[in-house]
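File shown: work_5.cif. Contents: mmCIF, C-alpha atoms and all ligand atoms.
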```cif
data_coords
#
loop_
_atom_site.group_PDB
_atom_site.id
_atom_site.type_symbol
_atom_site.label_atom_id
_atom_site.label_comp_id
_atom_site.auth_asym_id
_atom_site.auth_seq_id
_atom_site.Cartn_x
_atom_site.Cartn_y
_atom_site.Cartn_z
ATOM 1 C CA MET A 1 128.906 57.807 50.043
ATOM 2 C CA SER A 2 131.452 57.817 47.241
ATOM 3 C CA SER A 3 134.539 55.707 47.652
ATOM 4 C CA GLY A 4 136.652 58.855 47.262
ATOM 5 C CA LEU A 5 135.085 60.305 50.381
ATOM 6 C CA ASN A 6 135.516 56.996 52.171
ATOM 7 C CA ASP A 7 139.219 57.051 51.337
ATOM 8 C CA LEU A 8 139.523 60.584 52.659
ATOM 9 C CA TYR A 9 137.731 59.639 55.852
ATOM 10 C CA GLN A 10 139.900 56.565 56.297
ATOM 11 C CA GLN A 11 143.006 58.695 55.932
ATOM 12 C CA LEU A 12 141.672 61.128 58.531
ATOM 13 C CA ILE A 13 141.070 58.305 60.999
ATOM 14 C CA LEU A 14 144.504 56.816 60.360
ATOM 15 C CA ASP A 15 146.122 60.230 60.765
ATOM 16 C CA HIS A 16 144.376 60.981 64.071
ATOM 17 C CA ASN A 17 145.262 57.505 65.312
ATOM 18 C CA LYS A 18 148.910 57.884 64.386
ATOM 19 C CA SER A 19 149.281 61.481 65.586
ATOM 20 C CA PRO A 20 146.526 62.040 68.142
ATOM 21 C CA ARG A 21 145.812 65.698 68.901
ATOM 22 C CA ASN A 22 145.760 66.901 72.510
ATOM 23 C CA PHE A 23 147.174 63.561 73.683
ATOM 24 C CA ARG A 24 148.483 64.696 77.067
ATOM 25 C CA LYS A 25 147.411 65.376 80.606
ATOM 26 C CA ILE A 26 146.225 68.857 81.623
ATOM 27 C CA GLU A 27 147.939 69.515 84.939
ATOM 28 C CA LYS A 28 145.468 72.174 86.008
ATOM 29 C CA ALA A 29 142.392 70.350 84.753
ATOM 30 C CA THR A 30 139.191 71.411 86.473
ATOM 31 C CA HIS A 31 137.291 68.332 85.270
ATOM 32 C CA ASN A 32 138.161 64.792 84.269
ATOM 33 C CA ALA A 33 136.514 61.420 83.714
ATOM 34 C CA GLU A 34 137.570 57.936 82.717
ATOM 35 C CA GLY A 35 135.874 55.963 79.993
ATOM 36 C CA TYR A 36 136.079 52.193 79.489
ATOM 37 C CA ASN A 37 134.858 50.069 76.641
ATOM 38 C CA PRO A 38 135.344 46.544 78.038
ATOM 39 C CA LEU A 39 134.181 44.902 74.800
ATOM 40 C CA CYS A 40 137.185 46.261 72.929
ATOM 41 C CA GLY A 41 139.585 47.165 75.731
ATOM 42 C CA ASP A 42 139.521 50.907 75.040
ATOM 43 C CA HIS A 43 140.363 52.993 78.095
ATOM 44 C CA PHE A 44 140.769 56.773 78.074
ATOM 45 C CA THR A 45 140.832 59.603 80.564
ATOM 46 C CA VAL A 46 139.529 62.962 79.370
ATOM 47 C CA PHE A 47 140.823 66.160 80.999
ATOM 48 C CA ILE A 48 139.118 69.534 80.753
ATOM 49 C CA GLU A 49 140.091 72.998 81.881
ATOM 50 C CA MET A 50 136.956 75.120 82.137
ATOM 51 C CA ASP A 51 136.947 78.909 82.072
ATOM 52 C CA GLY A 52 133.435 79.811 83.165
ATOM 53 C CA ASP A 53 131.255 77.723 80.873
ATOM 54 C CA VAL A 54 133.848 77.601 78.107
ATOM 55 C CA ILE A 55 136.034 74.554 77.502
ATOM 56 C CA LYS A 56 139.346 76.388 77.513
ATOM 57 C CA ASP A 57 141.416 73.261 77.053
ATOM 58 C CA VAL A 58 140.646 69.578 76.616
ATOM 59 C CA SER A 59 142.904 66.571 76.283
ATOM 60 C CA PHE A 60 142.968 62.815 76.670
ATOM 61 C CA GLN A 61 145.281 59.986 77.646
ATOM 62 C CA GLY A 62 145.010 56.244 77.503
ATOM 63 C CA SER A 63 144.924 53.521 74.923
ATOM 64 C CA GLY A 64 142.511 51.793 72.634
ATOM 65 C CA CYS A 65 141.827 50.720 69.096
ATOM 66 C CA ALA A 66 142.349 53.019 66.107
ATOM 67 C CA ILE A 67 138.688 54.066 65.981
ATOM 68 C CA SER A 68 138.486 54.984 69.662
ATOM 69 C CA LYS A 69 141.763 56.872 69.636
ATOM 70 C CA ALA A 70 141.012 58.761 66.428
ATOM 71 C CA SER A 71 137.560 59.626 67.750
ATOM 72 C CA ALA A 72 139.002 60.922 71.046
ATOM 73 C CA SER A 73 141.512 63.021 69.122
ATOM 74 C CA MET A 74 138.799 64.474 66.852
ATOM 75 C CA MET A 75 136.542 65.090 69.836
ATOM 76 C CA THR A 76 139.184 67.231 71.566
ATOM 77 C CA THR A 77 139.761 69.348 68.463
ATOM 78 C CA ALA A 78 135.997 69.731 67.935
ATOM 79 C CA VAL A 79 135.050 70.902 71.430
ATOM 80 C CA LYS A 80 138.097 72.937 72.402
ATOM 81 C CA GLY A 81 137.051 76.572 72.793
ATOM 82 C CA THR A 82 133.321 75.809 72.731
ATOM 83 C CA LYS A 83 130.811 76.363 75.487
ATOM 84 C CA LYS A 84 129.704 73.388 77.530
ATOM 85 C CA GLU A 85 126.236 73.403 75.955
ATOM 86 C CA GLU A 86 127.710 73.559 72.438
ATOM 87 C CA ALA A 87 129.893 70.551 73.235
ATOM 88 C CA GLU A 88 126.860 68.653 74.531
ATOM 89 C CA LYS A 89 124.935 69.475 71.344
ATOM 90 C CA LEU A 90 127.817 68.249 69.232
ATOM 91 C CA PHE A 91 127.829 65.026 71.255
ATOM 92 C CA GLU A 92 124.107 64.543 70.530
ATOM 93 C CA LYS A 93 124.683 65.151 66.837
ATOM 94 C CA PHE A 94 127.688 62.864 66.727
ATOM 95 C CA ARG A 95 125.746 60.145 68.530
ATOM 96 C CA SER A 96 122.825 60.360 66.131
ATOM 97 C CA VAL A 97 125.169 60.123 63.156
ATOM 98 C CA VAL A 98 127.091 57.073 64.395
ATOM 99 C CA THR A 99 124.016 55.204 65.590
ATOM 100 C CA ARG A 100 121.725 55.782 62.615
ATOM 101 C CA ASP A 101 121.682 55.167 58.911
ATOM 102 C CA ILE A 102 124.353 57.522 57.617
ATOM 103 C CA HIS A 103 122.510 58.083 54.352
ATOM 104 C CA LYS A 104 119.655 59.772 56.192
ATOM 105 C CA GLU A 105 121.984 62.086 58.066
ATOM 106 C CA VAL A 106 123.691 63.968 55.304
ATOM 107 C CA ASP A 107 122.914 67.390 56.758
ATOM 108 C CA ASP A 108 124.201 66.417 60.171
ATOM 109 C CA LEU A 109 127.223 64.866 58.568
ATOM 110 C CA GLU A 110 128.188 68.085 56.817
ATOM 111 C CA GLU A 111 127.800 70.055 60.036
ATOM 112 C CA LEU A 112 130.081 67.647 61.826
ATOM 113 C CA GLY A 113 133.057 68.390 59.598
ATOM 114 C CA CYS A 114 135.884 65.940 60.154
ATOM 115 C CA LEU A 115 133.904 64.164 62.869
ATOM 116 C CA GLY A 116 131.812 62.870 59.988
ATOM 117 C CA ALA A 117 134.737 60.591 59.164
ATOM 118 C CA LEU A 118 133.423 58.310 61.890
ATOM 119 C CA ALA A 119 129.902 58.103 60.470
ATOM 120 C CA GLY A 120 130.926 54.883 58.723
ATOM 121 C CA VAL A 121 130.964 53.041 62.056
ATOM 122 C CA ALA A 122 127.149 53.091 61.938
ATOM 123 C CA GLU A 123 127.539 50.083 59.665
ATOM 124 C CA PHE A 124 129.577 48.251 62.318
ATOM 125 C CA PRO A 125 127.575 48.152 65.569
ATOM 126 C CA ALA A 126 130.477 46.859 67.665
ATOM 127 C CA ARG A 127 132.503 49.917 66.641
ATOM 128 C CA ILE A 128 129.891 52.450 67.692
ATOM 129 C CA LYS A 129 131.001 52.088 71.309
ATOM 130 C CA CYS A 130 134.621 52.622 70.297
ATOM 131 C CA ALA A 131 133.703 55.797 68.427
ATOM 132 C CA SER A 132 131.475 57.134 71.218
ATOM 133 C CA LEU A 133 133.714 56.361 74.193
ATOM 134 C CA ALA A 134 135.613 59.638 74.398
ATOM 135 C CA TRP A 135 132.352 61.574 74.012
ATOM 136 C CA HIS A 136 130.777 59.702 76.899
ATOM 137 C CA ALA A 137 133.853 60.470 78.987
ATOM 138 C CA LEU A 138 133.637 64.148 77.986
ATOM 139 C CA HIS A 139 129.957 64.239 78.931
ATOM 140 C CA SER A 140 130.734 62.624 82.298
ATOM 141 C CA ALA A 141 133.618 64.977 82.995
ATOM 142 C CA LEU A 142 131.371 67.969 82.305
ATOM 143 C CA ASN A 143 128.478 66.707 84.384
ATOM 144 C CA SER A 144 129.921 64.492 87.108
ATOM 145 C CA ASN A 145 133.552 65.386 87.537
ATOM 146 C CA GLY A 146 135.805 62.449 88.416
ATOM 147 C CA ALA A 147 133.357 59.829 87.143
ATOM 148 C CA VAL A 148 134.261 56.501 85.612
ATOM 149 C CA VAL A 149 131.965 55.611 82.738
ATOM 150 C CA SER A 150 131.647 52.270 80.959
ATOM 151 C CA THR A 151 130.002 51.618 77.629
ATOM 152 C CA GLU A 152 128.462 48.541 79.288
ATOM 153 C CA ASN A 153 126.824 50.691 81.952
ATOM 154 C CA ALA A 154 123.212 51.723 81.330
ATOM 155 C CA ASN A 155 124.173 55.347 81.936
ATOM 156 C CA ALA A 156 126.475 55.304 78.937
ATOM 157 C CA HIS A 157 123.743 55.097 76.312
HETATM 158 ZN ZN ZN B 201 137.658 49.975 70.296
#
```

Before anything else, please render the file you have as structure tokens.
Amino acid sequence: MSSGLNDLYQQLILDHNKSPRNFRKIEKATHNAEGYNPLCGDHFTVFIEMDGDVIKDVSFQGSGCAISKASASMMTTAVKGTKKEEAEKLFEKFRSVVTRDIHKEVDDLEELGCLGALAGVAEFPARIKCASLAWHALHSALNSNGAVVSTENANAH
């Protein structure tokens, strides 16, 4: 990855951390779930308003490190307006990019758009949980509404 792209990605992460998108509670949420990453202290609640099988609105609240917050912000912008199964596929793709060698995942990376900014965490194993937290919470909200998920729980892998 060129350093120019790295700079761009870093700016994206900083921007999402400073001005997180969809950082609010959805009063008429149909689904929600809490996600904890005890190793870093990240703690977010994800809210979803479903319309049939479409994610009509999605938001998050809570606090955590820059990576976890930026990732949660990017996650909400990426899945808003998609169908549940599309969001789950994106989660799978995102997970494979942040847990594997980024240089082997160039195609996936391009498909991910700005989510690809987080691919760099693959080089920092402790940060993978930060980057994945909001996605795990989204997955839980979609599949077991009201759940509390921890990155240290076997179900979170
Ligand atoms: Zn973190």

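Neighbouring residues of A:Thr77 at 9 Å or closer, counting all atoms listed in the file and skipping chain neighbours under 2 positions away, are Arg21, Asn22, Val58, Ser59, Ala72, Ser73, Met74, Met75, Val79, Lys80 and Gly81 of chain A.
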
For the residues in the current selection, export C-alpha atoms as an mmCIF file, in the frame of the given file.
```
data_model
loop_
_atom_site.group_PDB
_atom_site.id
_atom_site.type_symbol
_atom_site.label_atom_id
_atom_site.label_comp_id
_atom_site.auth_asym_id
_atom_site.auth_seq_id
_atom_site.Cartn_x
_atom_site.Cartn_y
_atom_site.Cartn_z
ATOM 1 C CA ARG A 21 145.812 65.698 68.901
ATOM 2 C CA ASN A 22 145.760 66.901 72.510
ATOM 3 C CA VAL A 58 140.646 69.578 76.616
ATOM 4 C CA SER A 59 142.904 66.571 76.283
ATOM 5 C CA ALA A 72 139.002 60.922 71.046
ATOM 6 C CA SER A 73 141.512 63.021 69.122
ATOM 7 C CA MET A 74 138.799 64.474 66.852
ATOM 8 C CA MET A 75 136.542 65.090 69.836
ATOM 9 C CA VAL A 79 135.050 70.902 71.430
ATOM 10 C CA LYS A 80 138.097 72.937 72.402
ATOM 11 C CA GLY A 81 137.051 76.572 72.793
#
```

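The set of residues that the PyMOL selection byres (((not hetatm)) within 9 of (chain B and resi 201)) takes from this file is Asn37, Pro38, Leu39, Cys40, Gly41, Asp42, His43, Gly64, Cys65, Ala66, Ile67, Ser68, Lys69, Ala126, Arg127, Ile128, Lys129, Cys130, Ala131 and Leu133 of chain A.
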
(message) Need the shell around A:Cys114: protein/DNA/RNA residues with any atom at most 9 Å away, counting only C-alpha atoms. Skip same-chain ones fewer than 6 positions apart. Format as a VMD selection string?
(response) chain A and resid 9 12 74 78

(message) So that I can see what lies close to A:Gly146, please list as a ChimeraX atom specification the residues with an atom at most 12 Å from it, counting only C-alpha atoms and leaving out residues fewer than 3 positions away in the same chain.
(response) /A:29-35,45-48,137-143,149

Please produce a file of those selected residues containing C-alpha atoms, as a CSV table (one decimal), in the coordinates of the input.
```csv
chain,number,residue,atom,x,y,z
A,29,ALA,CA,142.4,70.4,84.8
A,30,THR,CA,139.2,71.4,86.5
A,31,HIS,CA,137.3,68.3,85.3
A,32,ASN,CA,138.2,64.8,84.3
A,33,ALA,CA,136.5,61.4,83.7
A,34,GLU,CA,137.6,57.9,82.7
A,35,GLY,CA,135.9,56.0,80.0
A,45,THR,CA,140.8,59.6,80.6
A,46,VAL,CA,139.5,63.0,79.4
A,47,PHE,CA,140.8,66.2,81.0
A,48,ILE,CA,139.1,69.5,80.8
A,137,ALA,CA,133.9,60.5,79.0
A,138,LEU,CA,133.6,64.1,78.0
A,139,HIS,CA,130.0,64.2,78.9
A,140,SER,CA,130.7,62.6,82.3
A,141,ALA,CA,133.6,65.0,83.0
A,142,LEU,CA,131.4,68.0,82.3
A,143,ASN,CA,128.5,66.7,84.4
A,149,VAL,CA,132.0,55.6,82.7
```

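Within a radius of 7 Å around (125.7, 54.1, 60.4), the polymer residues are Val97, Val98, Thr99, Arg100, Asp101, Ile102, Ala119, Gly120, Val121, Ala122 and Glu123 of chain A, counting all atoms listed in the file.
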
Give me a file of those residues, with C-alpha atoms, as an mmCIF file, in the coordinates of the input.
```
data_model
loop_
_atom_site.group_PDB
_atom_site.id
_atom_site.type_symbol
_atom_site.label_atom_id
_atom_site.label_comp_id
_atom_site.auth_asym_id
_atom_site.auth_seq_id
_atom_site.Cartn_x
_atom_site.Cartn_y
_atom_site.Cartn_z
ATOM 1 C CA VAL A 97 125.169 60.123 63.156
ATOM 2 C CA VAL A 98 127.091 57.073 64.395
ATOM 3 C CA THR A 99 124.016 55.204 65.590
ATOM 4 C CA ARG A 100 121.725 55.782 62.615
ATOM 5 C CA ASP A 101 121.682 55.167 58.911
ATOM 6 C CA ILE A 102 124.353 57.522 57.617
ATOM 7 C CA ALA A 119 129.902 58.103 60.470
ATOM 8 C CA GLY A 120 130.926 54.883 58.723
ATOM 9 C CA VAL A 121 130.964 53.041 62.056
ATOM 10 C CA ALA A 122 127.149 53.091 61.938
ATOM 11 C CA GLU A 123 127.539 50.083 59.665
#
```

(request) To one decimal in Å, tell me the separation between atom CA of A:Leu115 and atom CA of A:Phe60. (result) 16.6 Å

(message) Counting all atoms listed in the file, find residues at most 7 Å from (140.3, 60.5, 61.2) (file frame) and give them as number ranges by chain.
(response) A: 9-16, 70, 117

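In this model, the gap between atom CA of A:Phe124 and atom CA of A:Ser63 comes to 20.5 Å.
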
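Note that atom CA of A:Lys28 and atom CA of A:Lys93 are 29.1 Å apart.
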
(message) When you count all atoms listed in the file, which of these residues is closest to A:Met50: A:Asn17, A:Ser96, A:Thr82, A:Ser144?
(response) A:Thr82

(request) Name the closest residue to A:Phe44 among the candidates A:Ser19, A:Asn145, A:Ser71, A:Asn6; distances are taken between atoms, counting all atoms listed in the file. (result) A:Ser71

Check which residues satisfy the PyMOL selection byres (((chain A and resi 83) around 9) and not hetatm) in the file shown, then give them as an mmCIF file with C-alpha atoms, keeping the file's coordinate frame.
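Result file follows (selection.cif):
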```
data_model
loop_
_atom_site.group_PDB
_atom_site.id
_atom_site.type_symbol
_atom_site.label_atom_id
_atom_site.label_comp_id
_atom_site.auth_asym_id
_atom_site.auth_seq_id
_atom_site.Cartn_x
_atom_site.Cartn_y
_atom_site.Cartn_z
ATOM 1 C CA GLY A 52 133.435 79.811 83.165
ATOM 2 C CA ASP A 53 131.255 77.723 80.873
ATOM 3 C CA VAL A 54 133.848 77.601 78.107
ATOM 4 C CA ILE A 55 136.034 74.554 77.502
ATOM 5 C CA LYS A 56 139.346 76.388 77.513
ATOM 6 C CA VAL A 79 135.050 70.902 71.430
ATOM 7 C CA LYS A 80 138.097 72.937 72.402
ATOM 8 C CA GLY A 81 137.051 76.572 72.793
ATOM 9 C CA THR A 82 133.321 75.809 72.731
ATOM 10 C CA LYS A 84 129.704 73.388 77.530
ATOM 11 C CA GLU A 85 126.236 73.403 75.955
ATOM 12 C CA GLU A 86 127.710 73.559 72.438
ATOM 13 C CA ALA A 87 129.893 70.551 73.235
ATOM 14 C CA GLU A 88 126.860 68.653 74.531
#
```

Give me the box for stretch 5-24 of chain A as lines of an AutoDock Vina configuration file, namely the centre and edge lengths in Å to one decimal of a box along x, y and z that holds every listed atom plus 3 Å on each side.
```
center_x = 142.2
center_y = 61.7
center_z = 63.7
size_x = 20.2
size_y = 16.3
size_z = 32.7
```

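Minimum atom-to-atom distances from A:Glu152, A:Glu111, A:Thr76, A:Asp7 to A:Asp57 were compared using all atoms listed in the file, and the lowest value belongs to A:Thr76.
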